[in-house]
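Novice: Next up is a structure, given as structure tokens.
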Amino acid sequence: GGSGRNVGLVNAGMWVMPDDLPGVLGHQYGDRLLDVLGNAPKLVFEIIEKHRIACEVEKQGTLHCAVGKKGLKELEDRYEQWARRGANVKLLDAQETEAKVGTKAYSGSLLDLRAGTIQPLAYVRGLAHAAVAAGARIFTGSPVTGASEQNGKWVVKTATGTVTADWIVVATNAYTNVPWPEVRAELVHLPYFNMATKPLSDNIKRSILPERQGAWDTKEVLSSFRFDQQGRLVFGSVGALRNTGASVHKAWAKKSLKRLFPQIGEVEFESEWYGKIGMTNDSLPKFHRLARNVVGFSGYNGRGIAPGTVFGKHLAKLVSGEIGEADLPLPVSDPREQSFRGLREAYYEAGAQVAHAAEIII
């Protein structure tokens, strides 16, 4: 889930292969989106530096780790497509990956040197502080209950007051409710959790991700891991820490970490959290004009930090009149409800529990 509850990977691009984007969006928007998202981590790091945001930034890249031959083939294809476009990426073999990650579990990896990691909640708070310093007013605990157009202006209602504005930016993504429920209807919720170990010893820290890249693997029910700057190893995967999922996912995480990094010994988690990822039917984000002067991007598909930052910059330029809709990195589209959304959400959560339970038994 975004807005501080995610893994903290500042990645370039989306899940969709680079060569596939022009075919899905057309060459104009496909090539533009590749360029925008390829440079998105750079924008994040520039904003952090400009506003002196203390969010544990690490700019050593990220590692997409291959599981088996199928995973390695996927990364070989992704590497070739990004390298052809001049991206600063490297394909590592199993031995090189072991040196970078600290485990023999992977058949190779893709090192993306454009990317990095942050503490996402600290980043959100830092952006909020920068906005307030620039004159913005932020109201928390005041969800919007309705919006109506009156005399050429928008009036946004909350339980305790109203706001009148020329424009509305809908930036609630997977957490959208009223007054535009069609944004939520377009997204399938995929739960994702993270668990943080107690700070590890210096010797163990030196043996795992010694260069402090963030990492995730090519499994369908993927795993992700990175260090924070206090020496905690943050480990995550698909699933919600509620009901039966809480015990299943926690037991799986302990066993998986011990398999990957036996030098840790008995795994102790200090904290845990989970949130919702908003998934679209084609794994691509969307730009919507929901009404006159009501706009928003949504559907980050688990890639929220860098795309969300750069899309926010584009929306600011759109609202201020610096650019038009034709200059955005995505075309205007209407929200389309995904069929059997509730069933699919239940299936993904149940599937994650089954997959993790099976790995516990093995």
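Ligands are numbered from 1 in the order shown, residues from 1 within each chain, and chains are lettered A, B, ... in the order they appear in the structure tokens.
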For Trp15 (chain A), list every protein, DNA or RNA residue within 12 Å, evaluated using only C-alpha atoms, and leave out those in the same chain fewer than 6 positions away; present the list as a PyMOL selection string.

Specialist: chain A and resi 21+34+37+64+74-75+78+218+279-280+282-285+300-304

Novice: Atoms to include: N, CA and C atoms. Write the selected residues as a compact mmCIF listing (two decimals), in the first residue's frame.

Specialist:
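Written file, out_12.txt:
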```txt
# COMPACT_ATOMS: atom_id res chain seq x y z
N LEU A 21 5.20 -1.16 -24.12
CA LEU A 21 4.46 0.08 -23.86
C LEU A 21 3.98 0.79 -25.12
N LEU A 34 7.90 5.95 -21.07
CA LEU A 34 9.18 5.31 -20.79
C LEU A 34 10.22 6.33 -20.37
N LEU A 37 9.17 7.85 -16.79
CA LEU A 37 9.36 6.93 -15.67
C LEU A 37 10.80 6.47 -15.53
N HIS A 64 16.66 -6.73 -9.02
CA HIS A 64 15.53 -7.61 -9.33
C HIS A 64 16.14 -9.00 -9.46
N GLU A 74 13.31 -13.73 -17.99
CA GLU A 74 12.55 -12.47 -17.88
C GLU A 74 13.49 -11.28 -17.68
N LEU A 75 14.48 -11.45 -16.82
CA LEU A 75 15.41 -10.35 -16.54
C LEU A 75 16.34 -10.10 -17.73
N ARG A 78 14.28 -8.00 -20.03
CA ARG A 78 14.11 -6.64 -19.49
C ARG A 78 15.41 -5.85 -19.61
N THR A 218 11.53 -12.59 -8.72
CA THR A 218 10.65 -12.77 -9.88
C THR A 218 9.50 -13.75 -9.63
N MET A 279 -4.29 -2.26 -8.46
CA MET A 279 -3.88 -2.93 -9.69
C MET A 279 -4.90 -2.67 -10.80
N THR A 280 -4.42 -2.28 -11.97
CA THR A 280 -5.28 -2.10 -13.14
C THR A 280 -5.27 -3.37 -13.99
N ASP A 282 -4.36 -3.81 -17.02
CA ASP A 282 -3.21 -3.96 -17.92
C ASP A 282 -1.89 -3.59 -17.25
N SER A 283 -1.91 -3.45 -15.93
CA SER A 283 -0.71 -3.15 -15.13
C SER A 283 -0.11 -1.79 -15.45
N LEU A 284 -0.91 -0.88 -16.00
CA LEU A 284 -0.45 0.47 -16.30
C LEU A 284 -1.29 1.49 -15.55
N PRO A 285 -0.67 2.60 -15.12
CA PRO A 285 -1.45 3.66 -14.47
C PRO A 285 -2.37 4.35 -15.46
N TYR A 300 -1.16 2.55 -9.69
CA TYR A 300 0.30 2.50 -9.76
C TYR A 300 0.84 1.07 -9.77
N ASN A 301 0.00 0.10 -9.47
CA ASN A 301 0.38 -1.31 -9.61
C ASN A 301 1.64 -1.68 -8.82
N GLY A 302 1.80 -1.06 -7.66
CA GLY A 302 2.96 -1.37 -6.84
C GLY A 302 4.21 -0.59 -7.17
N ARG A 303 4.08 0.39 -8.06
CA ARG A 303 5.21 1.26 -8.39
C ARG A 303 4.77 2.71 -8.12
N GLY A 304 4.63 3.06 -6.86
CA GLY A 304 4.03 4.35 -6.54
C GLY A 304 4.98 5.49 -6.27
```

Novice: Contacts of Phe297 (chain A) at 8 Å or less, counting only C-alpha atoms, minus same-chain residues fewer than 2 places along, as a PyMOL selection string?

Specialist: chain A and resi 170-171+173+285-288+295+299+311

Novice: Going by DSSP on the backbone, which bits of region 43-202 of chain A are strand (DSSP E)? Write them as a VMD selection string, please.

Specialist: chain A and resid 62 to 66 89 to 93 108 to 112 116 to 117 144 to 150 153 to 158 162 to 165 168 to 169 188 to 197

Novice: Take the selection from the previous step and output its residues with C-alpha atoms, as a PDB file, in the first residue's frame.

Specialist:
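In the end it all went to again-v6.pdb:
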```pdb
ATOM      1  CA  THR A  62      17.884  -1.897  -6.835  1.00  0.00           C
ATOM      2  CA  LEU A  63      18.249  -5.613  -7.572  1.00  0.00           C
ATOM      3  CA  HIS A  64      15.531  -7.611  -9.327  1.00  0.00           C
ATOM      4  CA  CYS A  65      16.520 -11.174  -8.420  1.00  0.00           C
ATOM      5  CA  ALA A  66      15.875 -14.131 -10.733  1.00  0.00           C
ATOM      6  CA  VAL A  89      21.324  -1.221 -15.931  1.00  0.00           C
ATOM      7  CA  LYS A  90      23.519  -4.301 -15.524  1.00  0.00           C
ATOM      8  CA  LEU A  91      22.696  -8.000 -15.827  1.00  0.00           C
ATOM      9  CA  LEU A  92      24.472  -9.988 -13.115  1.00  0.00           C
ATOM     10  CA  ASP A  93      25.103 -13.735 -13.095  1.00  0.00           C
ATOM     11  CA  GLY A 108      21.016 -13.872 -11.563  1.00  0.00           C
ATOM     12  CA  SER A 109      19.728 -10.341 -11.123  1.00  0.00           C
ATOM     13  CA  LEU A 110      19.121  -7.041 -12.859  1.00  0.00           C
ATOM     14  CA  LEU A 111      20.909  -4.137 -11.188  1.00  0.00           C
ATOM     15  CA  ASP A 112      19.186  -0.838 -11.984  1.00  0.00           C
ATOM     16  CA  GLY A 116      17.336   3.257  -4.874  1.00  0.00           C
ATOM     17  CA  THR A 117      15.433   3.077  -1.602  1.00  0.00           C
ATOM     18  CA  VAL A 144     -14.302  14.298   1.428  1.00  0.00           C
ATOM     19  CA  THR A 145     -17.994  13.394   1.586  1.00  0.00           C
ATOM     20  CA  GLY A 146     -19.119  15.096  -1.611  1.00  0.00           C
ATOM     21  CA  ALA A 147     -18.303  17.622  -4.323  1.00  0.00           C
ATOM     22  CA  SER A 148     -20.486  19.863  -6.472  1.00  0.00           C
ATOM     23  CA  GLU A 149     -19.941  22.558  -9.068  1.00  0.00           C
ATOM     24  CA  GLN A 150     -21.387  25.950  -8.117  1.00  0.00           C
ATOM     25  CA  LYS A 153     -16.187  26.668  -8.907  1.00  0.00           C
ATOM     26  CA  TRP A 154     -15.928  23.321  -7.156  1.00  0.00           C
ATOM     27  CA  VAL A 155     -17.191  23.024  -3.588  1.00  0.00           C
ATOM     28  CA  VAL A 156     -15.708  20.060  -1.737  1.00  0.00           C
ATOM     29  CA  LYS A 157     -17.562  18.970   1.388  1.00  0.00           C
ATOM     30  CA  THR A 158     -16.225  17.329   4.528  1.00  0.00           C
ATOM     31  CA  THR A 162     -16.085  22.988   2.813  1.00  0.00           C
ATOM     32  CA  VAL A 163     -13.344  24.057   0.424  1.00  0.00           C
ATOM     33  CA  THR A 164     -13.995  26.069  -2.746  1.00  0.00           C
ATOM     34  CA  ALA A 165     -11.522  25.630  -5.605  1.00  0.00           C
ATOM     35  CA  ILE A 168      -9.761  19.142  -7.833  1.00  0.00           C
ATOM     36  CA  VAL A 169      -6.904  16.634  -7.979  1.00  0.00           C
ATOM     37  CA  VAL A 188      -8.264  -4.553  -7.839  1.00  0.00           C
ATOM     38  CA  HIS A 189      -6.799  -4.358  -4.340  1.00  0.00           C
ATOM     39  CA  LEU A 190      -3.672  -6.444  -3.850  1.00  0.00           C
ATOM     40  CA  PRO A 191      -2.596  -6.533  -0.187  1.00  0.00           C
ATOM     41  CA  TYR A 192       1.102  -6.258   0.588  1.00  0.00           C
ATOM     42  CA  PHE A 193       2.835  -6.546   3.955  1.00  0.00           C
ATOM     43  CA  ASN A 194       6.237  -5.751   5.393  1.00  0.00           C
ATOM     44  CA  MET A 195       7.959  -6.950   8.547  1.00  0.00           C
ATOM     45  CA  ALA A 196      11.069  -5.412  10.069  1.00  0.00           C
ATOM     46  CA  THR A 197      13.587  -7.426  12.082  1.00  0.00           C
TER      47      THR A 197
END
```

Novice: Using Å and a single decimal, report how far CA of Trp273 (chain A) sits from CA of Glu98 (chain A).

Specialist: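 Going from CA of Glu98 (chain A) over to CA of Trp273 (chain A), I get 28.5 Å.
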
Novice: Neighbours of Gly239 (chain A) within 12 Å (only C-alpha atoms; same-chain residues fewer than 2 positions away dropped), as JSON, numbers by chain?

Specialist: {"A": [1, 189, 190, 191, 192, 193, 194, 195, 221, 222, 223, 236, 237, 241, 242, 243, 244, 245, 246, 247, 248, 249, 250, 252, 253, 273, 274, 275, 276, 277, 345, 346, 347, 348, 349, 350, 351, 352, 353, 354, 355, 356, 357]}

Novice: Store the residues picked out above in a file with C-alpha atoms, as a short mmCIF file (atom, residue, chain, number, x, y, z; two decimals), in the first residue's frame.

Specialist:
```
data_model
loop_
_atom_site.label_atom_id
_atom_site.label_comp_id
_atom_site.auth_asym_id
_atom_site.auth_seq_id
_atom_site.Cartn_x
_atom_site.Cartn_y
_atom_site.Cartn_z
CA GLY A 1 0.00 0.00 0.00
CA HIS A 189 -6.80 -4.36 -4.34
CA LEU A 190 -3.67 -6.44 -3.85
CA PRO A 191 -2.60 -6.53 -0.19
CA TYR A 192 1.10 -6.26 0.59
CA PHE A 193 2.83 -6.55 3.95
CA ASN A 194 6.24 -5.75 5.39
CA MET A 195 7.96 -6.95 8.55
CA VAL A 221 3.97 -14.19 -5.18
CA LEU A 222 7.08 -12.09 -4.86
CA SER A 223 9.29 -11.23 -1.90
CA GLY A 236 7.72 -8.22 2.58
CA SER A 237 5.38 -10.07 0.25
CA LEU A 241 -1.82 -9.37 8.11
CA ARG A 242 -5.35 -10.05 9.27
CA ASN A 243 -7.39 -13.11 10.26
CA THR A 244 -5.59 -16.34 9.26
CA GLY A 245 -3.17 -14.36 7.09
CA ALA A 246 -1.46 -12.82 10.11
CA SER A 247 -0.08 -16.13 11.39
CA VAL A 248 0.53 -17.72 7.97
CA HIS A 249 2.45 -14.80 6.51
CA LYS A 250 4.50 -14.25 9.66
CA TRP A 252 6.38 -17.86 6.17
CA ALA A 253 8.46 -14.69 6.53
CA TRP A 273 2.37 -3.44 8.61
CA TYR A 274 0.39 -3.86 5.42
CA GLY A 275 -1.60 -1.86 2.90
CA LYS A 276 -3.32 -1.99 -0.47
CA ILE A 277 -1.83 -1.83 -3.96
CA GLU A 345 -9.34 -9.69 -4.46
CA ALA A 346 -10.39 -12.64 -2.31
CA TYR A 347 -8.57 -15.01 -4.69
CA TYR A 348 -5.30 -13.05 -4.50
CA GLU A 349 -5.36 -12.98 -0.71
CA ALA A 350 -6.26 -16.67 -0.46
CA GLY A 351 -3.66 -17.52 -3.10
CA ALA A 352 -0.94 -15.69 -1.19
CA GLN A 353 -1.84 -17.61 1.97
CA VAL A 354 -1.81 -20.94 0.12
CA ALA A 355 1.53 -20.16 -1.56
CA HIS A 356 3.11 -19.12 1.73
CA ALA A 357 1.65 -22.07 3.63
#
```

Novice: Taking 4 positions as the minimum chain separation for residues in the same chain, which residues sit within 10 Å of region 319-327 of chain A when counting only C-alpha atoms? Answer as number ranges by chain.

Specialist: A: 29, 32, 166-169, 287, 289, 293-295, 314-315, 331-332

Novice: Would you list the contacts of region 121-127 of chain A as a short mmCIF file (atom, residue, chain, number, x, y, z; two decimals) with N, CA and C atoms, in the first residue's frame, taking every protein, DNA or RNA residue within 12 Å and counting only C-alpha atoms, but skipping same-chain residues closer than 4 positions in sequence?

Specialist:
```cif
data_model
loop_
_atom_site.label_atom_id
_atom_site.label_comp_id
_atom_site.auth_asym_id
_atom_site.auth_seq_id
_atom_site.Cartn_x
_atom_site.Cartn_y
_atom_site.Cartn_z
N GLY A 1 0.82 -1.20 0.00
CA GLY A 1 0.00 0.00 0.00
C GLY A 1 0.85 1.24 0.00
N GLY A 2 0.41 2.26 -0.66
CA GLY A 2 1.19 3.47 -0.83
C GLY A 2 1.15 4.41 0.37
N SER A 3 1.67 5.61 0.15
CA SER A 3 1.63 6.69 1.13
C SER A 3 2.27 6.29 2.46
N GLY A 4 3.43 5.69 2.37
CA GLY A 4 4.18 5.39 3.58
C GLY A 4 4.14 3.95 4.02
N ARG A 5 3.28 3.13 3.44
CA ARG A 5 3.19 1.74 3.88
C ARG A 5 3.83 0.78 2.89
N ASN A 6 4.51 1.30 1.90
CA ASN A 6 5.07 0.42 0.87
C ASN A 6 6.48 -0.04 1.22
N VAL A 7 7.11 -0.72 0.28
CA VAL A 7 8.43 -1.32 0.52
C VAL A 7 9.52 -0.26 0.66
N GLY A 8 9.42 0.81 -0.13
CA GLY A 8 10.44 1.84 -0.12
C GLY A 8 11.38 1.78 -1.31
N LEU A 9 11.03 1.00 -2.33
CA LEU A 9 11.85 0.92 -3.54
C LEU A 9 11.52 2.08 -4.46
N VAL A 10 12.53 2.83 -4.86
CA VAL A 10 12.35 3.94 -5.80
C VAL A 10 12.79 3.42 -7.17
N VAL A 44 12.88 12.11 -7.76
CA VAL A 44 12.68 11.86 -6.33
C VAL A 44 13.91 12.27 -5.54
N PHE A 45 15.09 11.85 -6.00
CA PHE A 45 16.32 12.15 -5.28
C PHE A 45 16.62 13.66 -5.30
N ILE A 47 14.34 16.08 -5.38
CA ILE A 47 13.40 16.71 -4.44
C ILE A 47 13.87 16.49 -3.00
N ILE A 48 14.32 15.27 -2.71
CA ILE A 48 14.83 14.97 -1.36
C ILE A 48 15.99 15.88 -1.01
N GLU A 49 16.91 16.06 -1.95
CA GLU A 49 18.07 16.92 -1.70
C GLU A 49 17.66 18.39 -1.59
N LYS A 50 16.79 18.84 -2.48
CA LYS A 50 16.38 20.25 -2.48
C LYS A 50 15.71 20.64 -1.17
N HIS A 51 14.84 19.78 -0.67
CA HIS A 51 14.07 20.11 0.54
C HIS A 51 14.65 19.47 1.80
N ARG A 52 15.82 18.86 1.66
CA ARG A 52 16.54 18.27 2.80
C ARG A 52 15.63 17.33 3.59
N ILE A 53 14.99 16.44 2.86
CA ILE A 53 14.07 15.49 3.48
C ILE A 53 14.87 14.33 4.08
N ALA A 54 14.76 14.14 5.37
CA ALA A 54 15.46 13.05 6.06
C ALA A 54 14.64 11.77 5.93
N CYS A 55 14.92 10.98 4.90
CA CYS A 55 14.12 9.78 4.66
C CYS A 55 14.99 8.57 4.31
N GLU A 56 16.20 8.54 4.87
CA GLU A 56 17.08 7.37 4.73
C GLU A 56 17.33 7.00 3.27
N VAL A 57 17.62 7.98 2.46
CA VAL A 57 17.79 7.73 1.03
C VAL A 57 19.06 6.93 0.77
N THR A 117 16.45 3.31 -2.63
CA THR A 117 15.43 3.08 -1.60
C THR A 117 15.30 4.31 -0.71
N ALA A 131 5.57 21.33 1.28
CA ALA A 131 4.37 21.97 0.76
C ALA A 131 3.87 23.06 1.70
N VAL A 132 3.87 22.78 3.00
CA VAL A 132 3.44 23.78 3.98
C VAL A 132 4.37 24.99 3.95
N ALA A 133 5.67 24.73 3.83
CA ALA A 133 6.63 25.84 3.77
C ALA A 133 6.41 26.70 2.54
N ALA A 134 5.86 26.10 1.48
CA ALA A 134 5.59 26.85 0.24
C ALA A 134 4.22 27.53 0.26
N ALA A 136 1.15 25.84 1.22
CA ALA A 136 -0.01 24.94 1.16
C ALA A 136 -0.60 24.74 2.55
N ILE A 138 -2.67 21.84 4.76
CA ILE A 138 -2.98 20.41 4.77
C ILE A 138 -3.95 20.12 5.91
N ASP A 228 16.92 -0.79 6.56
CA ASP A 228 16.80 0.62 6.92
C ASP A 228 18.14 1.05 7.53
N GLY A 304 4.63 3.06 -6.86
CA GLY A 304 4.03 4.35 -6.54
C GLY A 304 4.98 5.49 -6.27
N ILE A 305 6.16 5.22 -5.70
CA ILE A 305 7.00 6.32 -5.22
C ILE A 305 7.48 7.21 -6.35
N ALA A 306 8.21 6.65 -7.30
CA ALA A 306 8.75 7.47 -8.39
C ALA A 306 7.67 7.94 -9.36
N GLY A 308 4.44 8.26 -8.83
CA GLY A 308 3.55 9.18 -8.14
C GLY A 308 4.15 10.56 -8.00
N THR A 309 5.46 10.62 -7.78
CA THR A 309 6.15 11.91 -7.66
C THR A 309 6.15 12.65 -8.98
N GLY A 312 2.71 13.77 -10.06
CA GLY A 312 2.29 14.93 -9.28
C GLY A 312 2.84 16.22 -9.86
#
```

Novice: Which residues are close to Gln230 (chain A), i.e. within 12 Å by only C-alpha atoms, leaving aside same-chain residues fewer than 6 positions away? Reply as a PyMOL selection string.

Specialist: chain A and resi 56+119+196-202+205

Novice: Would you please give, as number ranges by chain, all residues of region 100-156 of chain A that DSSP assigns to alpha helix (DSSP H) based on the backbone?

Specialist: A: 100-101, 120-133

Novice: Rounded to one decimal place, report the CA of Ala358 (chain A)-CA of Gln263 (chain A) distance in Å.

Specialist: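 Spanning CA of Ala358 (chain A) to CA of Gln263 (chain A) is a straight-line distance of 23.4 Å.
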
Novice: So how many Å separate CA of Gln213 (chain A) and CA of Gly71 (chain A), to one decimal?

Specialist: 19.2 Å
